$ cat final_38.txt   # compact mmCIF, C-alpha atoms and all ligand atoms
# COMPACT_ATOMS: atom_id res chain seq x y z
CA MET A 6 -2.33 27.22 2.57
CA LEU A 7 -3.25 24.91 5.44
CA ARG A 8 -2.58 21.93 3.21
CA LYS A 9 0.81 23.30 2.20
CA VAL A 10 1.74 23.51 5.87
CA LEU A 11 0.56 19.94 6.37
CA GLU A 12 2.58 18.73 3.39
CA LEU A 13 5.68 20.44 4.70
CA PHE A 14 5.04 18.95 8.07
CA ALA A 15 4.50 15.53 6.54
CA LYS A 16 8.04 15.49 5.16
CA ASN A 17 9.44 15.07 8.64
CA PHE A 18 6.43 13.53 10.25
CA LYS A 19 6.11 10.68 12.58
CA PHE A 20 4.13 7.65 11.45
CA SER A 21 2.32 7.63 14.79
CA LYS A 22 0.85 11.10 14.12
CA PHE A 23 0.04 10.75 10.42
CA GLY A 24 -0.74 7.03 10.08
CA PHE A 25 1.37 6.82 6.92
CA ALA A 26 4.96 7.41 5.81
CA LYS A 27 7.02 7.47 2.66
CA ILE A 28 9.77 4.92 2.01
CA SER A 29 12.63 5.85 -0.30
CA PRO A 30 15.10 2.99 -0.67
CA GLU A 31 18.22 3.27 -2.76
CA ILE A 32 17.97 0.89 -5.68
CA LYS A 33 20.53 0.59 -8.46
CA ASN A 34 19.28 0.76 -12.06
CA LYS A 35 15.73 1.33 -10.85
CA ARG A 36 14.21 1.91 -14.24
CA VAL A 37 15.62 -1.26 -15.76
CA PHE A 38 14.72 -3.27 -12.69
CA PHE A 39 11.11 -2.09 -12.48
CA GLU A 40 10.61 -2.46 -16.20
CA LYS A 41 11.51 -6.13 -15.82
CA ILE A 42 8.84 -6.80 -13.22
CA SER A 43 6.24 -4.55 -14.86
CA PHE A 44 3.06 -5.82 -16.53
CA LYS A 45 2.56 -2.66 -18.58
CA LYS A 46 3.51 -4.54 -21.73
CA ASN A 47 1.55 -7.66 -20.76
CA LYS A 48 -1.88 -6.20 -20.23
CA ASP A 49 -3.55 -9.33 -21.62
CA LEU A 50 -2.52 -11.09 -18.41
CA LEU A 51 -4.54 -8.69 -16.28
CA ILE A 52 -8.14 -8.99 -15.16
CA LYS A 53 -10.47 -6.18 -14.28
CA ASP A 54 -11.60 -6.17 -10.66
CA LYS A 55 -15.03 -4.57 -10.41
CA LYS A 56 -14.88 -4.65 -6.62
CA ASP A 57 -11.76 -2.49 -6.75
CA ALA A 58 -13.23 0.31 -8.89
CA GLY A 59 -12.15 -1.43 -12.10
CA ALA A 60 -8.42 -1.77 -11.36
CA LEU A 61 -6.54 -4.27 -13.53
CA LYS A 62 -4.93 -7.08 -11.56
CA VAL A 63 -2.31 -9.73 -12.15
CA GLN A 64 -3.96 -13.12 -11.80
CA LYS A 65 -3.10 -15.49 -8.99
CA GLU A 66 -1.07 -18.00 -11.06
CA ASP A 67 1.17 -15.32 -12.56
CA LEU A 68 1.48 -13.60 -9.22
CA HIS A 69 2.52 -16.80 -7.52
CA LYS A 70 5.42 -17.25 -9.96
CA LYS A 71 6.84 -13.95 -8.72
CA TYR A 72 6.56 -14.52 -4.97
CA ALA A 73 10.28 -15.18 -4.49
CA LEU A 74 11.12 -12.06 -6.50
CA TYR A 75 8.73 -9.85 -4.50
CA ALA A 76 10.11 -11.15 -1.19
CA ASP A 77 13.65 -10.52 -2.37
CA LEU A 78 12.74 -7.00 -3.52
CA LEU A 79 11.19 -6.13 -0.15
CA LEU A 80 14.10 -7.41 1.88
CA ARG A 81 17.17 -6.83 -0.24
CA SER A 82 16.22 -3.30 -1.32
CA GLY A 83 15.52 -2.24 2.23
CA TYR A 84 11.77 -1.51 2.09
CA ILE A 85 11.12 -3.64 5.17
CA LYS A 86 14.03 -2.29 7.17
CA ILE A 87 13.07 1.34 6.49
CA ALA A 88 9.38 0.69 7.16
CA GLU A 89 10.12 -1.08 10.45
CA GLU A 90 12.21 1.87 11.59
CA LEU A 91 9.47 4.33 10.64
CA ILE A 92 6.64 2.53 12.37
CA GLY A 93 8.62 1.09 15.29
CA ASP A 94 7.10 -2.33 14.75
CA LYS A 95 7.88 -5.55 12.86
CA ILE A 96 6.47 -6.13 9.39
CA TYR A 97 5.38 -9.44 7.89
CA PRO A 98 3.70 -9.20 4.48
CA TYR A 99 1.15 -11.94 3.84
CA VAL A 100 -0.88 -10.92 0.77
CA VAL A 101 0.40 -9.46 -2.50
CA MET A 102 -1.58 -7.53 -5.07
CA HIS A 103 0.00 -6.35 -8.32
CA MET A 104 -2.25 -3.90 -10.10
CA LEU A 105 -2.55 -1.29 -12.80
CA ASN A 106 -4.93 1.62 -13.18
CA ASN A 107 -5.77 3.26 -16.44
CA LYS A 108 -8.02 6.15 -17.32
CA LYS A 109 -11.08 3.91 -17.04
CA THR A 110 -10.34 3.01 -13.43
CA LYS A 111 -12.63 4.93 -11.11
CA GLU A 112 -11.85 6.53 -7.81
CA LEU A 113 -11.61 4.09 -4.92
CA ILE A 114 -13.57 6.15 -2.41
CA TRP A 115 -12.32 7.34 0.99
CA HIS A 116 -12.29 4.46 3.45
CA ARG A 117 -10.36 2.72 6.18
CA ASP A 118 -9.32 -0.92 5.87
CA GLN A 119 -10.19 -1.48 9.56
CA TYR A 120 -13.01 0.30 11.36
CA PHE A 121 -15.90 0.02 13.75
CA HIS A 122 -19.45 0.15 12.45
CA GLY A 123 -21.59 0.22 15.57
CA LYS A 124 -20.30 -2.64 17.67
CA ASP A 125 -18.84 -4.56 14.75
CA PHE A 126 -15.17 -4.37 13.98
CA ILE A 127 -14.70 -4.66 10.20
CA GLY A 128 -11.45 -5.85 8.64
CA PRO A 129 -8.64 -8.05 9.96
CA LYS A 130 -8.66 -8.41 13.74
CA PHE A 131 -4.90 -7.94 14.06
CA LYS A 132 -2.48 -5.08 13.38
CA LEU A 133 -2.71 -4.28 9.68
CA TYR A 134 -0.32 -2.25 7.55
CA LYS A 135 -0.31 -1.79 3.80
CA LEU A 136 2.91 -1.28 1.94
CA ALA A 137 2.54 0.01 -1.63
CA ILE A 138 5.48 0.20 -4.05
CA TYR A 139 4.89 2.35 -7.12
CA LEU A 140 6.50 1.29 -10.39
CA GLN A 141 6.62 4.75 -12.00
CA ASP A 142 6.63 8.35 -10.88
CA THR A 143 3.24 8.74 -9.25
CA ASN A 144 1.21 11.69 -8.00
CA LYS A 145 -2.41 12.73 -7.62
CA ASP A 146 -2.93 12.82 -11.40
CA ASN A 147 -2.08 9.18 -11.87
CA GLY A 148 -3.71 7.70 -8.85
CA VAL A 149 -1.31 7.91 -5.93
CA THR A 150 -2.98 6.84 -2.67
CA GLY A 151 -4.16 9.91 -0.76
CA PHE A 152 -4.45 10.17 3.02
CA ILE A 153 -6.20 12.24 5.64
CA PRO A 154 -3.62 12.44 8.43
CA LYS A 155 -4.59 10.46 11.50
CA PHE A 156 -4.33 13.39 13.91
CA ILE A 157 -6.99 15.40 12.05
CA SER A 158 -9.26 12.47 11.25
CA PRO A 159 -11.59 11.48 14.08
CA ARG A 160 -12.85 7.92 13.78
CA PHE A 161 -16.63 7.68 13.86
CA LYS A 162 -18.18 4.35 14.74
CA ASN A 163 -20.54 4.67 11.80
CA ARG A 164 -19.00 4.02 8.42
CA TYR A 165 -21.34 6.39 6.56
CA VAL A 166 -20.68 9.32 8.88
CA ASP A 167 -16.98 8.48 8.75
CA THR A 168 -16.93 8.57 4.92
CA ILE A 169 -18.99 11.77 4.68
CA PHE A 170 -16.69 13.47 7.15
CA ALA A 171 -13.70 12.35 5.07
CA TYR A 172 -15.13 14.04 1.95
CA LEU A 173 -15.89 17.20 3.94
CA THR A 174 -12.30 17.37 5.18
CA SER A 175 -10.61 15.99 2.06
CA PHE A 176 -9.24 19.45 1.26
CA LEU A 177 -6.75 18.62 4.03
CA SER A 178 -5.68 15.37 2.42
CA ILE A 179 -2.14 14.60 1.39
CA HIS A 180 -1.25 12.90 -1.89
CA PRO A 181 2.47 12.08 -1.76
CA LYS A 182 4.57 12.76 -4.84
CA LEU A 183 6.59 9.63 -5.41
CA SER A 184 9.29 8.76 -7.86
CA ILE A 185 9.73 5.32 -9.39
CA GLY A 186 10.45 2.68 -6.74
CA GLU A 187 9.31 4.78 -3.80
CA ALA A 188 6.69 3.34 -1.49
CA VAL A 189 4.25 4.27 1.25
CA ILE A 190 3.41 2.35 4.38
CA PHE A 191 0.09 3.03 6.06
CA SER A 192 -1.99 1.77 8.92
CA GLY A 193 -5.20 -0.14 8.25
CA LYS A 194 -6.97 2.43 10.41
CA VAL A 195 -5.99 5.53 8.43
CA MET A 196 -8.47 7.19 6.06
CA HIS A 197 -7.29 6.81 2.45
CA HIS A 198 -8.47 6.73 -1.13
CA ARG A 199 -7.19 6.20 -4.64
CA PRO A 200 -8.02 9.16 -6.87
CA ARG A 201 -9.26 8.64 -10.39
CA GLN A 202 -6.56 8.58 -13.02
CA LYS A 203 -6.43 11.94 -14.77
CA ASN A 204 -3.55 11.61 -17.19
CA ASN A 205 -2.52 8.89 -19.61
CA ASN A 206 0.29 7.56 -17.44
CA LEU A 207 -0.69 4.18 -16.09
CA ARG A 208 -0.32 3.64 -12.40
CA GLU A 209 1.25 0.33 -11.57
CA ALA A 210 1.73 -0.69 -7.96
CA ILE A 211 2.56 -3.74 -5.89
CA ILE A 212 0.63 -3.64 -2.64
CA PHE A 213 1.37 -5.87 0.32
CA SER A 214 -0.96 -6.46 3.26
CA CYS A 215 1.23 -6.83 6.33
CA THR A 216 0.97 -7.56 10.00
CA ASN A 217 3.39 -7.31 12.91
CA ASN A 218 3.67 -10.97 13.85
CA PRO A 219 3.40 -14.17 11.73
CA ASN A 220 1.56 -15.78 14.65
CA ASN A 221 -1.39 -13.52 13.80
CA LEU A 222 -1.87 -15.75 10.75
CA PRO A 223 -1.66 -19.37 11.96
CA ASN A 224 -3.32 -20.74 8.80
CA LEU A 225 -0.95 -19.01 6.41
CA LYS A 226 2.14 -19.68 8.49
CA ASN A 227 2.03 -23.39 7.80
CA ASP A 228 1.19 -23.23 4.10
CA LYS A 229 4.29 -23.29 1.91
CA LYS A 230 2.43 -21.78 -1.05
CA GLU A 231 1.56 -18.62 0.86
CA PHE A 232 3.55 -15.44 0.31
CA LEU A 233 4.30 -15.20 4.03
CA ASN A 234 6.47 -18.33 3.77
CA PHE A 235 8.36 -17.06 0.75
CA PHE A 236 9.07 -13.96 2.80
CA LEU A 237 10.17 -15.90 5.90
CA LYS A 238 12.44 -18.13 3.82
CA CYS A 239 14.01 -15.15 2.07
CA LYS A 240 14.63 -13.52 5.43
CA LEU A 241 16.44 -16.64 6.63
CA ASP A 242 18.49 -16.89 3.43
CA LEU A 243 19.60 -13.27 3.71
CA GLY A 244 20.31 -13.61 7.43
CA ILE A 245 17.90 -10.83 8.40
CA ASN A 246 16.34 -10.81 11.86
FE FE B 301 -7.82 0.50 1.35
$ encode --input "final_38.txt" --output "structure tokens"
Amino acid sequence: MLRKVLELFAKNFKFSKFGFAKISPEIKNKRVFFEKISFKKNKDLLIKDKKDAGALKVQKEDLHKKYALYADLLLRSGYIKIAEELIGDKIYPYVVMHMLNNKKTKELIWHRDQYFHGKDFIGPKFKLYKLAIYLQDTNKDNGVTGFIPKFISPRFKNRYVDTIFAYLTSFLSIHPKLSIGEAVIFSGKVMHHRPRQKNNNLREAIIFSCTNNPNNLPNLKNDKKEFLNFFLKCKLDLGIN
């Protein structure tokens, strides 16, 4: 019941309260488009990442070939514009991950991408957002990212306590129901997890690590091979501020 209320609430929520938000751009011929950039039929090109609970990932060389396409998708389809409006901040993606989960992929446990453990701050030292685009209809049964809303998730400065508390309160978590091409944007500080795949539908997603200013990444900013520069160039070409 409480969760139902939260879900209802989440439909009109503010990013600042929840720490995440759904992005629903209008894309023509979505299914055809996403089929073209999908790796579902090219699984031999994927490698299993044990550090990421066994998710299957597109290798660097193949990923690099698609940088211009990913940048164009983000900008031309309106993901960035919608996300910037939702969070009230600028978005500059700098790392891309293209991944698939199958039934063998395990749960990626509840965690935050940025947190304090004692006095140590773990994770990037600048504003971090993740933007995940899902390439098929995705829900809790095929591994949609789940969240514990920020306003009911106190941040403990001990990662173990923080994780245990997340499991104890996970009955209040929200797993968005997304249709093909929809995305979520979330803060690096929000508690999230990737549930284990329960049905036979693969979950394919393109996940971008983003920050709010390219000057946060001086090393990447000057390297033409980096995704950030593909993004900046695409922005210029499309005349987007
Ligand atoms: Fe994460």
$ atom_distance --input "final_38.txt" --atom1 "atom CA of Met102 of chain A" --atom2 "atom CA of Tyr165 of chain A"
26.8 Å
$ residues_around --input "final_38.txt" --residues "Gly244 of chain A" --least-positions-apart "6" --cutoff "12 Å" --atoms "all atoms listed in the file" --output "compact mmCIF listing (two decimals) with C-alpha atoms, keeping the file's coordinate frame"
# COMPACT_ATOMS: atom_id res chain seq x y z
CA LEU A 80 14.10 -7.41 1.88
CA ARG A 81 17.17 -6.83 -0.24
CA LEU A 237 10.17 -15.90 5.90
CA LYS A 238 12.44 -18.13 3.82
$ closest_residue --input "final_38.txt" --among "A:Arg160, A:Lys70, A:Lys46, A:Lys132" --to "Asn220 of chain A" --atoms "all atoms listed in the file"
A:Lys132
$ closest_atom_pairs --input "final_38.txt" --of "chain A" --to "ligand FE 301 (chain B)" --cutoff "12 Å" --atoms "all atoms listed in the file" --output "CSV"
residue,atom,partner,partner_atom,distance
A:Lys56,CA,B:FE301,FE,11.8
A:Asp57,CA,B:FE301,FE,9.5
A:Ala58,CA,B:FE301,FE,11.6
A:Glu112,CA,B:FE301,FE,11.7
A:Leu113,CA,B:FE301,FE,8.2
A:Ile114,CA,B:FE301,FE,8.9
A:Trp115,CA,B:FE301,FE,8.2
A:His116,CA,B:FE301,FE,6.3
A:Arg117,CA,B:FE301,FE,5.9
A:Asp118,CA,B:FE301,FE,5.0
A:Gln119,CA,B:FE301,FE,8.8
A:Tyr120,CA,B:FE301,FE,11.3
A:Gly128,CA,B:FE301,FE,10.3
A:Leu133,CA,B:FE301,FE,10.9
A:Tyr134,CA,B:FE301,FE,10.1
A:Lys135,CA,B:FE301,FE,8.2
A:Leu136,CA,B:FE301,FE,10.9
A:Ala137,CA,B:FE301,FE,10.8
A:Thr150,CA,B:FE301,FE,8.9
A:Gly151,CA,B:FE301,FE,10.3
A:Phe152,CA,B:FE301,FE,10.4
A:Ile190,CA,B:FE301,FE,11.8
A:Phe191,CA,B:FE301,FE,9.5
A:Ser192,CA,B:FE301,FE,9.6
A:Gly193,CA,B:FE301,FE,7.4
A:Lys194,CA,B:FE301,FE,9.3
A:Val195,CA,B:FE301,FE,8.9
A:Met196,CA,B:FE301,FE,8.2
A:His197,CA,B:FE301,FE,6.4
A:His198,CA,B:FE301,FE,6.7
A:Arg199,CA,B:FE301,FE,8.3
A:Pro200,CA,B:FE301,FE,11.9
A:Ile212,CA,B:FE301,FE,10.2
A:Phe213,CA,B:FE301,FE,11.2
A:Ser214,CA,B:FE301,FE,10.0
$ atom_distance --input "final_38.txt" --atom1 "atom CA of Asp77 of chain A" --atom2 "atom CA of Lys27 of chain A"
19.8 Å
$ closest_residue --input "final_38.txt" --among "A:Asp67, A:Asp167, A:Asp49, A:Glu187" --to "Ile87 of chain A" --atoms "all atoms listed in the file"
A:Glu187
$ residues_around --input "final_38.txt" --residues "Ile92 of chain A" --least-positions-apart "6" --cutoff "9 Å" --atoms "all atoms listed in the file" --output "VMD selection string"
chain A and resid 19 to 21 24 to 26 190
$ closest_residue --input "final_38.txt" --among "A:Lys162, A:Lys71, A:Lys109, A:Lys203" --to "Phe236 of chain A" --atoms "all atoms listed in the file"
A:Lys71
$ residues_around --input "final_38.txt" --residues "Gln202 of chain A" --least-positions-apart "6" --cutoff "7 Å" --atoms "only C-alpha atoms" --output "PyMOL selection string"
chain A and resi 107-108+110+146-148
$ write_last_selection --input "final_38.txt" --atoms "C-alpha atoms" --output "short mmCIF file (atom, residue, chain, number, x, y, z; two decimals), keeping the file's coordinate frame"
data_model
loop_
_atom_site.label_atom_id
_atom_site.label_comp_id
_atom_site.auth_asym_id
_atom_site.auth_seq_id
_atom_site.Cartn_x
_atom_site.Cartn_y
_atom_site.Cartn_z
CA ASN A 107 -5.77 3.26 -16.44
CA LYS A 108 -8.02 6.15 -17.32
CA THR A 110 -10.34 3.01 -13.43
CA ASP A 146 -2.93 12.82 -11.40
CA ASN A 147 -2.08 9.18 -11.87
CA GLY A 148 -3.71 7.70 -8.85
#
$ atom_distance --input "final_38.txt" --atom1 "atom CA of Leu11 of chain A" --atom2 "atom CA of Ala210 of chain A"
25.1 Å
$ closest_residue --input "final_38.txt" --among "A:Glu209, A:Glu31, A:Glu66, A:Glu12" --to "Gln141 of chain A" --atoms "only C-alpha atoms"
A:Glu209
$ closest_residue --input "final_38.txt" --among "A:Ser82, A:Lys230, A:Phe156, A:Val149" --to "Asn34 of chain A" --atoms "all atoms listed in the file"
A:Ser82
$ closest_residue --input "final_38.txt" --among "A:Thr143, A:Thr174, A:Asn234, A:Asn106" --to "Val189 of chain A" --atoms "only C-alpha atoms"
A:Thr143
$ residues_around --input "final_38.txt" --residues "Leu222 of chain A" --least-positions-apart "6" --cutoff "10 Å" --atoms "only C-alpha atoms" --output "compact mmCIF listing (two decimals) with C-alpha atoms, in the frame of the given file"
# COMPACT_ATOMS: atom_id res chain seq x y z
CA TYR A 99 1.15 -11.94 3.84
CA PHE A 131 -4.90 -7.94 14.06
CA THR A 216 0.97 -7.56 10.00
CA LEU A 233 4.30 -15.20 4.03
